[in-house]
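Asks: For reference, this is entry21.cif, and it has mmCIF, C-alpha atoms.
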```cif
data_entry
loop_
_atom_site.group_PDB
_atom_site.id
_atom_site.type_symbol
_atom_site.label_atom_id
_atom_site.label_comp_id
_atom_site.auth_asym_id
_atom_site.auth_seq_id
_atom_site.Cartn_x
_atom_site.Cartn_y
_atom_site.Cartn_z
ATOM 1 C CA MET A 228 -9.118 15.365 27.749
ATOM 2 C CA LEU A 229 -8.569 13.006 24.822
ATOM 3 C CA GLU A 230 -11.669 10.995 25.723
ATOM 4 C CA LEU A 231 -13.769 14.160 25.431
ATOM 5 C CA LEU A 232 -12.382 14.929 21.982
ATOM 6 C CA ILE A 233 -13.102 11.391 20.764
ATOM 7 C CA GLU A 234 -16.670 11.624 22.071
ATOM 8 C CA GLU A 235 -17.046 15.021 20.385
ATOM 9 C CA LEU A 236 -15.853 13.573 17.069
ATOM 10 C CA LYS A 237 -18.235 10.621 17.433
ATOM 11 C CA GLU A 238 -21.184 12.958 17.846
ATOM 12 C CA GLU A 239 -20.016 15.197 15.006
ATOM 13 C CA MET A 240 -19.483 12.402 12.472
ATOM 14 C CA GLY A 241 -22.047 9.921 13.788
ATOM 15 C CA GLY A 242 -19.520 7.084 13.735
ATOM 16 C CA GLY A 243 -19.364 3.975 15.858
ATOM 17 C CA ARG A 244 -16.484 2.322 17.626
ATOM 18 C CA ARG A 245 -14.825 0.996 14.503
ATOM 19 C CA ARG A 246 -14.346 4.350 12.811
ATOM 20 C CA PHE A 247 -12.371 5.766 15.731
ATOM 21 C CA LYS A 248 -10.327 2.673 16.507
ATOM 22 C CA PHE A 249 -7.078 4.430 15.563
ATOM 23 C CA LEU A 250 -7.923 7.347 17.882
ATOM 24 C CA ARG A 251 -8.488 5.061 20.871
ATOM 25 C CA LYS A 252 -4.796 4.197 20.782
ATOM 26 C CA LEU A 253 -4.074 7.786 21.787
ATOM 27 C CA LEU A 254 -5.779 7.340 25.147
ATOM 28 C CA PRO A 255 -3.292 7.726 27.990
ATOM 29 C CA LYS A 256 -1.772 4.805 29.853
ATOM 30 C CA ASN A 257 1.309 6.602 31.041
ATOM 31 C CA ASP A 258 3.401 9.343 29.460
ATOM 32 C CA LYS A 259 6.105 7.126 27.941
ATOM 33 C CA ASP A 260 3.608 4.725 26.401
ATOM 34 C CA ARG A 261 1.443 7.534 25.093
ATOM 35 C CA VAL A 262 4.317 9.247 23.265
ATOM 36 C CA ASN A 263 5.301 5.998 21.560
ATOM 37 C CA GLU A 264 1.708 5.140 20.669
ATOM 38 C CA VAL A 265 1.038 8.578 19.205
ATOM 39 C CA LYS A 266 4.134 8.249 17.061
ATOM 40 C CA SER A 267 3.208 4.757 15.859
ATOM 41 C CA VAL A 268 -0.368 5.818 14.989
ATOM 42 C CA VAL A 269 0.870 8.837 13.056
ATOM 43 C CA ARG A 270 3.557 6.787 11.270
ATOM 44 C CA LYS A 271 0.945 4.224 10.198
ATOM 45 C CA ALA A 272 -1.355 6.994 8.981
ATOM 46 C CA ILE A 273 1.483 8.569 6.979
ATOM 47 C CA ARG A 274 2.427 5.193 5.484
ATOM 48 C CA LYS A 275 -1.184 4.500 4.453
ATOM 49 C CA ALA A 276 -1.561 7.980 2.988
ATOM 50 C CA LYS A 277 1.609 7.664 0.947
ATOM 51 C CA SER A 278 0.745 4.195 -0.355
ATOM 52 C CA ALA A 279 -2.738 5.395 -1.388
ATOM 53 C CA ARG A 280 -1.234 8.534 -2.974
ATOM 54 C CA MET A 281 -3.231 10.771 -0.634
ATOM 55 C CA TRP A 282 -0.257 12.297 1.187
ATOM 56 C CA TRP A 283 0.047 15.185 -1.244
ATOM 57 C CA LYS A 284 -3.662 16.019 -0.975
ATOM 58 C CA LEU A 285 -2.982 17.298 2.537
ATOM 59 C CA SER A 286 -1.817 20.886 2.859
ATOM 60 C CA LYS A 287 1.840 21.611 3.509
ATOM 61 C CA LEU A 288 0.996 22.645 7.072
ATOM 62 C CA GLU A 289 -0.890 19.394 7.760
ATOM 63 C CA ARG A 290 1.948 17.289 6.347
ATOM 64 C CA GLY A 291 4.383 19.290 8.467
ATOM 65 C CA ILE A 292 2.382 18.705 11.652
ATOM 66 C CA LEU A 293 2.272 14.948 11.073
ATOM 67 C CA THR A 294 5.977 14.828 10.220
ATOM 68 C CA LEU A 295 6.957 16.847 13.286
ATOM 69 C CA VAL A 296 4.898 14.606 15.552
ATOM 70 C CA THR A 297 6.905 11.608 14.355
ATOM 71 C CA HIS A 298 10.284 13.331 14.736
ATOM 72 C CA LEU A 299 9.884 15.162 18.046
ATOM 73 C CA GLN A 300 9.381 13.873 21.564
ATOM 74 C CA ILE A 301 5.943 15.262 22.382
ATOM 75 C CA LYS A 302 3.557 15.101 25.281
ATOM 76 C CA LEU A 303 -0.040 15.880 24.462
ATOM 77 C CA LYS A 304 -0.600 18.410 27.214
ATOM 78 C CA SER A 305 -1.897 21.205 25.009
ATOM 79 C CA SER A 306 -5.555 20.824 24.072
ATOM 80 C CA VAL A 307 -4.936 22.951 20.971
ATOM 81 C CA LEU A 308 -2.220 20.567 19.741
ATOM 82 C CA VAL A 309 -4.451 17.557 20.378
ATOM 83 C CA LYS A 310 -7.371 19.184 18.535
ATOM 84 C CA ILE A 311 -5.178 20.054 15.536
ATOM 85 C CA LEU A 312 -3.664 16.570 15.430
ATOM 86 C CA LEU A 313 -7.116 14.963 15.600
ATOM 87 C CA ASP A 314 -8.426 17.262 12.850
ATOM 88 C CA VAL A 315 -5.555 16.291 10.556
ATOM 89 C CA LEU A 316 -5.990 12.572 11.329
ATOM 90 C CA LYS A 317 -9.754 12.879 10.734
ATOM 91 C CA LYS A 318 -9.154 14.531 7.361
ATOM 92 C CA LEU A 319 -6.669 11.810 6.462
ATOM 93 C CA ALA A 320 -9.165 9.101 7.454
ATOM 94 C CA LEU A 321 -11.751 10.645 5.147
ATOM 95 C CA LEU A 322 -9.270 10.845 2.280
ATOM 96 C CA LEU A 323 -8.382 7.184 2.743
ATOM 97 C CA ASN A 324 -12.045 6.108 2.662
ATOM 98 C CA PRO A 325 -12.789 4.697 -0.852
ATOM 99 C CA MET A 326 -16.468 5.722 -0.867
ATOM 100 C CA TYR A 327 -15.519 9.286 -0.028
ATOM 101 C CA ARG A 328 -13.053 9.314 -2.912
ATOM 102 C CA TYR A 329 -15.705 7.930 -5.284
ATOM 103 C CA TYR A 330 -18.045 10.662 -4.070
ATOM 104 C CA ILE A 331 -15.487 13.382 -4.776
ATOM 105 C CA LEU A 332 -14.654 11.895 -8.178
ATOM 106 C CA GLY A 333 -18.284 11.465 -9.249
ATOM 107 C CA PHE A 334 -19.755 14.731 -8.028
ATOM 108 C CA GLU A 335 -19.093 16.741 -11.193
ATOM 109 C CA ALA A 336 -20.177 13.927 -13.536
ATOM 110 C CA ALA A 337 -23.384 13.390 -11.538
ATOM 111 C CA ARG A 338 -24.126 17.123 -11.624
ATOM 112 C CA ARG A 339 -23.753 17.164 -15.401
ATOM 113 C CA ALA A 340 -25.978 14.071 -15.755
ATOM 114 C CA CYS A 341 -28.688 15.672 -13.592
ATOM 115 C CA LYS A 342 -28.509 18.887 -15.559
ATOM 116 C CA ALA A 343 -28.816 17.025 -18.883
ATOM 117 C CA ALA A 344 -31.802 14.983 -17.640
ATOM 118 C CA TYR A 345 -33.498 18.162 -16.413
ATOM 119 C CA LYS A 346 -33.010 19.828 -19.801
ATOM 120 C CA LEU A 347 -34.585 16.774 -21.461
ATOM 121 C CA GLY A 348 -37.734 17.274 -19.373
ATOM 122 C CA ASN A 349 -37.270 15.224 -16.211
ATOM 123 C CA LYS A 350 -38.369 17.623 -13.460
ATOM 124 C CA GLY A 351 -37.151 15.373 -10.619
ATOM 125 C CA ALA A 352 -33.617 15.104 -11.973
ATOM 126 C CA LEU A 353 -32.226 17.935 -9.862
ATOM 127 C CA SER A 354 -33.094 16.046 -6.669
ATOM 128 C CA TRP A 355 -30.829 13.171 -7.751
ATOM 129 C CA MET A 356 -27.822 15.206 -6.619
ATOM 130 C CA LYS A 357 -28.971 14.775 -3.001
ATOM 131 C CA ASP A 358 -28.653 10.999 -3.318
ATOM 132 C CA ALA A 359 -25.141 9.988 -2.214
ATOM 133 C CA ASP A 360 -25.432 6.549 -3.836
ATOM 134 C CA PHE A 361 -26.135 8.177 -7.208
ATOM 135 C CA VAL A 362 -23.012 10.343 -6.886
ATOM 136 C CA ILE A 363 -20.896 7.358 -5.751
ATOM 137 C CA TYR A 364 -22.184 5.357 -8.740
ATOM 138 C CA TRP A 365 -21.019 8.108 -11.086
ATOM 139 C CA GLY A 366 -17.688 8.160 -9.265
ATOM 140 C CA MET A 367 -17.283 4.437 -9.908
ATOM 141 C CA LEU A 368 -18.144 4.965 -13.574
ATOM 142 C CA VAL A 369 -15.604 7.771 -13.905
ATOM 143 C CA ALA A 370 -12.926 5.766 -12.075
ATOM 144 C CA GLY A 371 -13.573 2.732 -14.263
ATOM 145 C CA SER A 372 -13.512 4.681 -17.504
ATOM 146 C CA HIS A 373 -10.168 6.273 -16.576
ATOM 147 C CA GLY A 374 -8.688 2.984 -15.412
ATOM 148 C CA LEU A 375 -8.310 4.184 -11.837
ATOM 149 C CA THR A 376 -8.254 1.745 -8.983
ATOM 150 C CA ILE A 377 -9.432 3.089 -5.666
ATOM 151 C CA ARG A 378 -8.311 0.943 -2.732
#
```
As structure tokens - that is how I would like this structure written.
Replies:
Amino acid sequence: MLELLIEELKEEMGGGRRRFKFLRKLLPKNDKDRVNEVKSVVRKAIRKAKSARMWWKLSKLERGILTLVTHLQIKLKSSVLVKILLDVLKKLALLLNPMYRYYILGFEAARRACKAAYKLGNKGALSWMKDADFVIYWGMLVAGSHGLTIR
């Protein structure tokens, strides 16, 4: 069941083996090992999120799910529980990705820059917003001007 969800996520996000390395640890060996591995993966994810100050960007429900998984003895028999856990871990992986954070930070600044260039007569300026590298560049500029370090 878990293998199918990992394959589904691969197709959805277009990622290779490396992106889903942390999810591969959830694959079953036996029940005792799987419970301990799930807990260790979730604990590491929580630790990384807290050190990168991304823990509080998750909703209260998502933080609660991750915390409960670490505190309770669970067996991943329910496909709904597995799907929810994978969704939360996927969201956390995106939040911990520096390029994604630059993209989020630079989106508004890039939009304003495109709008200003269009008003000055550049007709192709509105298409710049579709370029992810342009938006990431503006995110780096904004982060640098505010003294932010994105790890």
Asks: If you count only C-alpha atoms, which residues fall within 7 Å of region 297-306 of chain A, apart from same-chain ones fewer than 6 positions away, as number ranges by chain?
Replies: A: 262, 266, 269-270
Asks: Could you give me, as a VMD selection string, the residues within 8 Å of region 271-283 of chain A, counting all atoms listed in the file and dropping anything in the same chain fewer than 5 positions from it?
Replies: chain A and resid 290 293 316 319 322 to 323 378
Asks: Deliver the residues from the most recent selection as a file, using C-alpha atoms, as a PDB file, in the frame of the given file.
Replies:
```
ATOM      1  CA  ARG A 290       1.948  17.289   6.347  1.00  0.00           C
ATOM      2  CA  LEU A 293       2.272  14.948  11.073  1.00  0.00           C
ATOM      3  CA  LEU A 316      -5.990  12.572  11.329  1.00  0.00           C
ATOM      4  CA  LEU A 319      -6.669  11.810   6.462  1.00  0.00           C
ATOM      5  CA  LEU A 322      -9.270  10.845   2.280  1.00  0.00           C
ATOM      6  CA  LEU A 323      -8.382   7.184   2.743  1.00  0.00           C
ATOM      7  CA  ARG A 378      -8.311   0.943  -2.732  1.00  0.00           C
TER       8      ARG A 378
END
```
Asks: Care to translate the PyMOL selection byres ((chain A and resi 326) around 12) into actual residues of this file, as an MDAnalysis selection string?
Replies: chainID A and resid 320:325 327:334 359:367 370 377:378
Asks: So, with all atoms listed in the file as the atoms that count, which of A:Val309, A:Val268, A:Ala343, A:Ala337 lies closest to Asp358 (chain A)?
Replies: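 Nearest to Asp358 (chain A): A:Ala337.
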Asks: Can you sort out the box for region 278-281 of chain A, edges along x, y and z, all listed atoms in, 8 Å on every side, with centre and edge lengths in Å to one decimal, as JSON?
Replies:
```
{"center_x": -1.2, "center_y": 7.5, "center_z": -1.7, "size_x": 20.0, "size_y": 22.6, "size_z": 18.6}
```
Asks: Kindly write all heavy atoms of region 301-315 of chain A from the structure just given to a file, as a short mmCIF file (atom, residue, chain, number, x, y, z; two decimals), in the first residue's frame.
Replies:
```
data_model
loop_
_atom_site.label_atom_id
_atom_site.label_comp_id
_atom_site.auth_asym_id
_atom_site.auth_seq_id
_atom_site.Cartn_x
_atom_site.Cartn_y
_atom_site.Cartn_z
N ILE A 301 1.72 3.36 16.76
CA ILE A 301 0.80 3.26 15.63
C ILE A 301 1.23 2.14 14.70
O ILE A 301 2.40 1.77 14.65
CB ILE A 301 0.72 4.58 14.83
CG1 ILE A 301 2.10 4.92 14.27
CG2 ILE A 301 0.18 5.70 15.67
CD1 ILE A 301 2.05 5.93 13.17
N LYS A 302 0.27 1.62 13.99
CA LYS A 302 0.52 0.71 12.89
C LYS A 302 -0.21 1.31 11.70
O LYS A 302 -1.37 1.65 11.80
CB LYS A 302 -0.01 -0.68 13.20
CG LYS A 302 0.75 -1.35 14.30
CD LYS A 302 0.22 -2.75 14.53
CE LYS A 302 0.99 -3.39 15.68
NZ LYS A 302 0.47 -4.70 16.00
N LEU A 303 0.51 1.45 10.60
CA LEU A 303 -0.08 2.11 9.44
C LEU A 303 -0.95 1.13 8.65
O LEU A 303 -0.61 0.71 7.55
CB LEU A 303 1.02 2.69 8.55
CG LEU A 303 1.82 3.82 9.19
CD1 LEU A 303 2.96 4.22 8.27
CD2 LEU A 303 0.95 5.00 9.49
N LYS A 304 -2.08 0.78 9.22
CA LYS A 304 -3.01 -0.11 8.55
C LYS A 304 -4.05 0.67 7.76
O LYS A 304 -4.53 0.22 6.74
CB LYS A 304 -3.71 -1.01 9.56
CG LYS A 304 -2.80 -2.05 10.17
CD LYS A 304 -3.55 -2.96 11.08
CE LYS A 304 -2.63 -4.01 11.66
NZ LYS A 304 -3.33 -4.89 12.60
N SER A 305 -4.39 1.85 8.23
CA SER A 305 -5.40 2.66 7.58
C SER A 305 -4.79 3.44 6.42
O SER A 305 -3.83 4.18 6.59
CB SER A 305 -6.00 3.63 8.60
OG SER A 305 -6.76 4.62 7.94
N SER A 306 -5.36 3.28 5.24
CA SER A 306 -4.84 4.00 4.07
C SER A 306 -5.10 5.50 4.20
O SER A 306 -4.34 6.31 3.68
CB SER A 306 -5.47 3.46 2.80
OG SER A 306 -6.86 3.66 2.80
N VAL A 307 -6.15 5.87 4.91
CA VAL A 307 -6.45 7.29 5.12
C VAL A 307 -5.38 7.93 5.99
O VAL A 307 -4.88 9.03 5.69
CB VAL A 307 -7.85 7.46 5.76
CG1 VAL A 307 -8.12 8.91 6.10
CG2 VAL A 307 -8.92 6.92 4.85
N LEU A 308 -4.98 7.24 7.07
CA LEU A 308 -3.93 7.76 7.95
C LEU A 308 -2.61 7.90 7.21
O LEU A 308 -1.91 8.90 7.34
CB LEU A 308 -3.76 6.85 9.17
CG LEU A 308 -2.63 7.23 10.14
CD1 LEU A 308 -2.88 8.60 10.73
CD2 LEU A 308 -2.50 6.19 11.22
N VAL A 309 -2.28 6.90 6.39
CA VAL A 309 -1.04 6.95 5.62
C VAL A 309 -1.07 8.12 4.64
O VAL A 309 -0.10 8.86 4.51
CB VAL A 309 -0.81 5.61 4.86
CG1 VAL A 309 0.36 5.73 3.90
CG2 VAL A 309 -0.57 4.50 5.85
N LYS A 310 -2.19 8.30 3.96
CA LYS A 310 -2.32 9.39 2.98
C LYS A 310 -2.18 10.75 3.67
O LYS A 310 -1.48 11.63 3.17
CB LYS A 310 -3.67 9.29 2.27
CG LYS A 310 -3.89 10.35 1.25
CD LYS A 310 -3.79 9.76 -0.13
CE LYS A 310 -4.21 10.77 -1.16
NZ LYS A 310 -3.09 11.32 -1.86
N ILE A 311 -2.81 10.91 4.83
CA ILE A 311 -2.73 12.18 5.56
C ILE A 311 -1.30 12.43 6.03
O ILE A 311 -0.77 13.53 5.89
CB ILE A 311 -3.71 12.18 6.75
CG1 ILE A 311 -5.14 12.26 6.25
CG2 ILE A 311 -3.43 13.34 7.69
CD1 ILE A 311 -6.19 12.06 7.31
N LEU A 312 -0.66 11.40 6.57
CA LEU A 312 0.71 11.53 7.04
C LEU A 312 1.65 11.89 5.89
O LEU A 312 2.51 12.77 6.02
CB LEU A 312 1.16 10.24 7.72
CG LEU A 312 2.55 10.23 8.33
CD1 LEU A 312 2.66 11.30 9.42
CD2 LEU A 312 2.87 8.87 8.90
N LEU A 313 1.48 11.25 4.74
CA LEU A 313 2.31 11.56 3.58
C LEU A 313 2.05 12.97 3.05
O LEU A 313 2.98 13.66 2.63
CB LEU A 313 2.09 10.53 2.47
CG LEU A 313 2.69 9.16 2.72
CD1 LEU A 313 2.33 8.21 1.60
CD2 LEU A 313 4.18 9.24 2.89
N ASP A 314 0.80 13.42 3.10
CA ASP A 314 0.49 14.79 2.66
C ASP A 314 1.18 15.81 3.56
O ASP A 314 1.73 16.81 3.08
CB ASP A 314 -1.02 15.03 2.66
CG ASP A 314 -1.72 14.37 1.49
OD1 ASP A 314 -1.03 14.00 0.52
OD2 ASP A 314 -2.95 14.22 1.55
N VAL A 315 1.15 15.58 4.86
CA VAL A 315 1.79 16.50 5.80
C VAL A 315 3.31 16.48 5.61
O VAL A 315 3.95 17.54 5.58
CB VAL A 315 1.41 16.16 7.26
CG1 VAL A 315 2.18 17.03 8.24
CG2 VAL A 315 -0.08 16.35 7.48
#
```
